[in-house]
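What follows is a set of notes on a single structure, which appears directly below.
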Amino acid sequence: MPWFSFHFQDFALSFLSVLFEGIPFLLLGSLISGFVDVFVSSDRIARLLPKSSTASILLCGLLGLLFPMCECGSVVVIRRFIKKGLPLSSAVTYMLATPIVSPIVALSTFAAFKAHSPWEMTVLRLTLGFGVAAVVGLIVEKLPVSAILRPGALGEPTGPRRRAGLSVATAPAGETLDFGAIAQSAGFGKKLLLTVQSATADFLDVTVFLIMGAVVASVFNTAVNQEIIYPLATNPPLAIASLMTLRSLLSICSTTDAFIIASFATFPFAAKLAALVFGPLFDFKLFWLYNMLFKTRAVVALGIGLFIVIGLLCWRISALHLG
Amino acid sequence: MNSAFRRWLPCATLATWSTILLIFCVSGRMRAFLTPEFRLGALAAGIAMGVMALVFLLFPADANCCSAAECGHTFFRRSTGKIITFLILLLPITTAAMFSPSGYSGSVVKNRVAITDASQLGATPRNAATLKPVDMPLPTKDPNNAPAPQPATATQTAPPTAATAPQPSQQPPPAQDYLQRTPDGRIVAEVLDLLYAAQDNALRKDFEGKPVELIGQIMPDASNNASGKRFKAVRMFMTCCAADARPVAVLAESDTKPDLPEMSWIKISGTATFPVENGRRIAVLKADKVEKCNPPEETMLY
């Protein structure tokens with residue numbers, strides 16, 4: 001059996017299924033984002049958060065328990081919140097934590113590992129996910145925003161050349177209009193219209209990246225012989241690294257990835273834990289989504305950092321014979 | 001050109017996505033892509049995008065909606081970039097929708113490695129037909145008032161119900177009555193039923209040595225086939241969408257191996273056995289008859 005055999009129809013089936021599954025969450029995230037853009041003021045966000053940045057980061061890491069959001073939708077939402085004044089560190093923590101720290105993920109993880117240490121896997125997954133996201137948030141807090149955010153990602157002026165981008169509207173030349181003021185003074189009907197238009201712009205912007213990620217993930221999961229990684233299961237560090245890489249390439253939704261990872265019976269507990277923590281934080285689909293908002297080198301650094309830290313933590317856990 | 005980007009292209013993109021989602025949902029094709037929990041979301045998204053397309057048609061975005069100076073929706077700077085963006089949004093999904101099949105080919109089954117051991121599956125599947133017996137109704141004094149037994153059908157999703165179990169007498173019913181049966185008394189089994197039965201002593205008693213009918217897709221068996229008489233009956237088991245579907249397979253054994261292309265849908269009538277091979281108990285269906293059949297309504301298990 002060759003290691004790579006591509007069939008377009010198989011690819012099309014997988015590709016469409018990823019889109020059909022992800023689009024509702026992306027749309028929901030876009031609608032929430034549009035709503036926040038029009039109806040929520042920056043002042044309100046500032047009032048809701050704790051004054052202490054550390055407390056704010058920790059709180060945002062736990063928000064997924066109340067407001068679970070798929071990783072596809074969270075990137076869209078936080079872009080809007082950052083623009084409204086949410087500190088970047090808190091936003092990044094929420095973005096990383098919410099795909100893992102959620103009741104849905106907890107239940108699905110428990111169910112998937114029912115026969116093999118369900119409590120250990122569920123508790124460790126959520127704890128590690130929260131911990132890693134919070135640490136990343138604390139690190140981001142110490143870094144300059146300009147080192148992380150892509151110029152113009154939030155609409156700030158980027159110099160003499162005005163970026164029009166994919167915007168579904170362009171201002172007449174020479175004019176700069178305050179969208180916030182327009183939204184604030186508009187009637188309820190107009191506000192709803194502005195919400196839909198803003199949500200559409202967000203949705204179209206982000207969906208391009210979802211499509212790119214879905215293309216690569218679908219090529220991998222239909223054309224590549226997954227048996228090639230089985231020999232790696234016997235070596236713990238290689239098992240951890242290979243399962244993390246596989247999970248990242250497959251770009252499966254975090255609400256159900258536990259069932260897929262659980263099926264790799266020959267891989268050790270630590271490797272499965274590492275895959276289930278790393279995947280929702282950074283997979284191939286998310287790489288493209290993050291690039292929409294953050295600088296590429298920041299995204300790459302995030303990916304490498306998460307890979308190493310989570311891999312080492314889980315290897316340490318395997319040495320403690322947990323699970 | 002600005003009018004195209006402000007109104008017509010977003011409208012066309014949303015309308016195309018909405019149409020594809022709604023056609024797939026209404027025609028039933030979505031069954032091959034998503035589990036039931038996610039189908040409602042896809043339908044809702046299709047409707048929502050249709051409404052959004054209508055909004056753009058009637059109320060195109062203007063300078064008041066998104067001033068370029070504030071706009072965070074950046075991707076490319078020039079019109080060429082915007083056109084490429086819309087092509088990325090439209091072409092892949094429409095092309096895939098036109099050419100997507102209702103099931104995977106044998107290549108995917110080989111690449112993903114079929115599961116033949118139920119312990120690798122994790123949670124109990126939701127549409128496994130026969131895994132749990134239902135409560136039996138209390139016996140009645142008048143046997144004439146008891147409901148007539150309904151013939152079992154070879155559906156993939158109907159769970160066993162009390163209505164299928166006739167209870168005319170005071171005697172406790174036989175344990176196998178929760179099983180679906182064909183009119184000639186064969187147990188209608190899924191691939192997953194036999195895989196779980198191989199692991200579970202209590203469940204195995206309900207199938208071992210009994211006549212069984214099973215539907216699956218035929219694939220050759222290379223690993224456990226010294227006699228050359230064996231082949232696999234495969235079903236794709238999906239957790240949330242077709243992208244994560246994994247093949248689950250039961251071995252079948254027949255003196256006359258059917259000469260059919262890989263992944264053809266077959267109905268196997270035979271006897272369920274659970275021999276121990278290579279240190280583990282496996283399910284092997286000794287086939288009396290293997291015939292080509294139409295695919296079931298739900299081509300994926302979940």
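Residues in the structure tokens are numbered from 1 in each chain, the chains being A, B, ... in the order shown, and ligands are numbered from 1 in the order shown.
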Could you pull out all residues of stretch 171-259 of chain B with a DSSP call of alpha helix (DSSP H) and give them as a PyMOL selection string? chain B and resi 191-199+201-207
Can you write just those residues out, C-alpha atoms, as a PDB file, in the first residue's frame?
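For reference, result_5.pdb as written:
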```pdb
ATOM      1  CA  VAL B 191     -21.091  -4.622  12.075  1.00  0.00           C
ATOM      2  CA  LEU B 192     -20.791  -2.883  15.441  1.00  0.00           C
ATOM      3  CA  ASP B 193     -23.158  -5.351  17.111  1.00  0.00           C
ATOM      4  CA  LEU B 194     -20.902  -8.258  16.255  1.00  0.00           C
ATOM      5  CA  LEU B 195     -17.729  -6.372  17.215  1.00  0.00           C
ATOM      6  CA  TYR B 196     -19.174  -5.564  20.634  1.00  0.00           C
ATOM      7  CA  ALA B 197     -20.523  -9.074  21.006  1.00  0.00           C
ATOM      8  CA  ALA B 198     -16.998 -10.407  20.534  1.00  0.00           C
ATOM      9  CA  GLN B 199     -15.960  -8.432  23.647  1.00  0.00           C
ATOM     10  CA  ASN B 201     -19.974 -12.451  27.075  1.00  0.00           C
ATOM     11  CA  ALA B 202     -23.626 -11.602  27.710  1.00  0.00           C
ATOM     12  CA  LEU B 203     -24.115  -9.990  24.326  1.00  0.00           C
ATOM     13  CA  ARG B 204     -22.268 -12.793  22.557  1.00  0.00           C
ATOM     14  CA  LYS B 205     -24.790 -15.374  23.764  1.00  0.00           C
ATOM     15  CA  ASP B 206     -27.509 -13.547  21.834  1.00  0.00           C
ATOM     16  CA  PHE B 207     -25.633 -13.894  18.550  1.00  0.00           C
TER      17      PHE B 207
END
```
Would you mind telling me which residue in A:Leu26, A:Ile240, A:Ala112, A:Ala258 lies nearest to chain B when using only C-alpha atoms?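 Nearest to chain B: A:Ala112.
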Between atom CA of A:Ile23 and atom CA of B:Phe38 - distance in Å to one decimal: 10.6 Å
Residue with smallest distance to chain B - pool A:Ala271, A:Val309, A:Leu62, A:Met212, counting only C-alpha atoms: A:Met212
Long-range neighbours of A:Leu16 as a count of residues only, 9 Å cut-off, only C-alpha atoms, 6 positions minimum in chain: 8
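Residue nearest chain B, chosen from A:Leu249, A:Leu204, A:Leu286, A:Ile104 and counting only C-alpha atoms: A:Leu204.
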Separation of atom CA of B:Lys289 and atom CA of B:Ser269, in Å?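 These atoms are spaced 5.2 Å apart.
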Shortest contact to A:Lys295, candidates A:Val101, A:Met121, A:Ile148, A:Leu66, atoms counted only C-alpha atoms, goes to A:Ile148
Report, in Å to a single decimal, how far apart atom CA of A:Thr93 and atom CA of A:Ala133 are. 5.0 Å
Restricting the calculation to only C-alpha atoms: of B:Ala114, B:Ala283, B:Cys241, B:Val109, which residue gets closest to chain A?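 Distance minimum relative to chain A lands on B:Cys241.
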Taking 2 positions as the minimum chain separation for residues in the same chain, which residues sit within 9 Å of stretch 46-48 of chain B when counting only C-alpha atoms? Answer as a PDB file with C-alpha atoms, in the first residue's frame.
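Final output, saved to around_25.pdb:
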```pdb
ATOM      1  CA  PRO A  24     -22.333  26.934  11.601  1.00  0.00           C
ATOM      2  CA  LEU A  27     -21.314  31.879  11.394  1.00  0.00           C
TER       3      LEU A  27
ATOM      4  CA  LEU B  14     -23.743  33.798   0.694  1.00  0.00           C
ATOM      5  CA  ALA B  15     -26.465  32.681  -1.707  1.00  0.00           C
ATOM      6  CA  TRP B  17     -23.273  28.598   0.268  1.00  0.00           C
ATOM      7  CA  SER B  18     -26.875  28.770   1.423  1.00  0.00           C
ATOM      8  CA  THR B  19     -28.114  26.929  -1.664  1.00  0.00           C
ATOM      9  CA  ILE B  20     -25.546  24.167  -1.306  1.00  0.00           C
ATOM     10  CA  LEU B  21     -26.295  23.656   2.390  1.00  0.00           C
ATOM     11  CA  LEU B  22     -30.052  23.657   1.885  1.00  0.00           C
ATOM     12  CA  CYS B  25     -30.072  19.026   3.844  1.00  0.00           C
ATOM     13  CA  GLY B  41     -26.647  23.355  12.635  1.00  0.00           C
ATOM     14  CA  ALA B  42     -25.925  23.026   8.934  1.00  0.00           C
ATOM     15  CA  LEU B  43     -29.606  23.602   8.106  1.00  0.00           C
ATOM     16  CA  ALA B  44     -29.734  26.638  10.380  1.00  0.00           C
ATOM     17  CA  GLY B  50     -29.884  32.869   2.741  1.00  0.00           C
ATOM     18  CA  VAL B  51     -31.323  35.636   4.900  1.00  0.00           C
ATOM     19  CA  MET B  52     -27.971  37.415   4.966  1.00  0.00           C
ATOM     20  CA  ALA B  53     -27.740  37.203   1.171  1.00  0.00           C
TER      21      ALA B  53
END
```
Residue contacts of B:Leu58 (12 Å, only C-alpha atoms) excluding same-chain residues fewer than 4 positions away, as a PDB file with N, CA and C atoms, in the first residue's frame:
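Done, and the output landed in result_20.pdb:
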```pdb
ATOM      1  N   LEU A 193     -29.282  45.817  10.968  1.00  0.00           N
ATOM      2  CA  LEU A 193     -28.720  45.768   9.608  1.00  0.00           C
ATOM      3  C   LEU A 193     -27.196  45.876   9.663  1.00  0.00           C
ATOM      4  N   GLN A 197     -24.332  43.152   8.399  1.00  0.00           N
ATOM      5  CA  GLN A 197     -23.286  43.527   7.445  1.00  0.00           C
ATOM      6  C   GLN A 197     -21.895  43.335   8.041  1.00  0.00           C
TER       7      GLN A 197
ATOM      8  N   ARG B   6     -19.160  45.439  -2.731  1.00  0.00           N
ATOM      9  CA  ARG B   6     -20.029  45.819  -1.618  1.00  0.00           C
ATOM     10  C   ARG B   6     -21.330  45.050  -1.627  1.00  0.00           C
ATOM     11  N   ARG B   7     -21.791  44.668  -2.813  1.00  0.00           N
ATOM     12  CA  ARG B   7     -23.137  44.091  -2.880  1.00  0.00           C
ATOM     13  C   ARG B   7     -23.153  42.718  -3.544  1.00  0.00           C
ATOM     14  N   TRP B   8     -22.781  42.663  -4.815  1.00  0.00           N
ATOM     15  CA  TRP B   8     -23.065  41.476  -5.598  1.00  0.00           C
ATOM     16  C   TRP B   8     -22.228  40.266  -5.210  1.00  0.00           C
ATOM     17  N   CYS B  11     -23.260  38.905  -1.814  1.00  0.00           N
ATOM     18  CA  CYS B  11     -24.599  38.324  -1.975  1.00  0.00           C
ATOM     19  C   CYS B  11     -24.488  36.979  -2.685  1.00  0.00           C
ATOM     20  N   VAL B  51     -30.781  34.359   4.406  1.00  0.00           N
ATOM     21  CA  VAL B  51     -31.323  35.636   4.900  1.00  0.00           C
ATOM     22  C   VAL B  51     -30.278  36.736   4.745  1.00  0.00           C
ATOM     23  N   MET B  52     -29.033  36.402   5.079  1.00  0.00           N
ATOM     24  CA  MET B  52     -27.971  37.415   4.966  1.00  0.00           C
ATOM     25  C   MET B  52     -27.766  37.827   3.511  1.00  0.00           C
ATOM     26  N   ALA B  53     -27.878  36.872   2.596  1.00  0.00           N
ATOM     27  CA  ALA B  53     -27.740  37.203   1.171  1.00  0.00           C
ATOM     28  C   ALA B  53     -28.855  38.160   0.745  1.00  0.00           C
ATOM     29  N   LEU B  54     -30.046  37.901   1.255  1.00  0.00           N
ATOM     30  CA  LEU B  54     -31.193  38.767   0.939  1.00  0.00           C
ATOM     31  C   LEU B  54     -30.972  40.178   1.486  1.00  0.00           C
ATOM     32  N   ASP B  62     -22.908  50.187   2.720  1.00  0.00           N
ATOM     33  CA  ASP B  62     -22.457  51.475   2.207  1.00  0.00           C
ATOM     34  C   ASP B  62     -21.338  51.996   3.103  1.00  0.00           C
TER      35      ASP B  62
END
```
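Of the residues under consideration (A:Leu312, A:Val208, A:Val136, A:Ala199), A:Val208 shows the shortest atom-to-atom contact distance to B:Lys82 when counting only C-alpha atoms.
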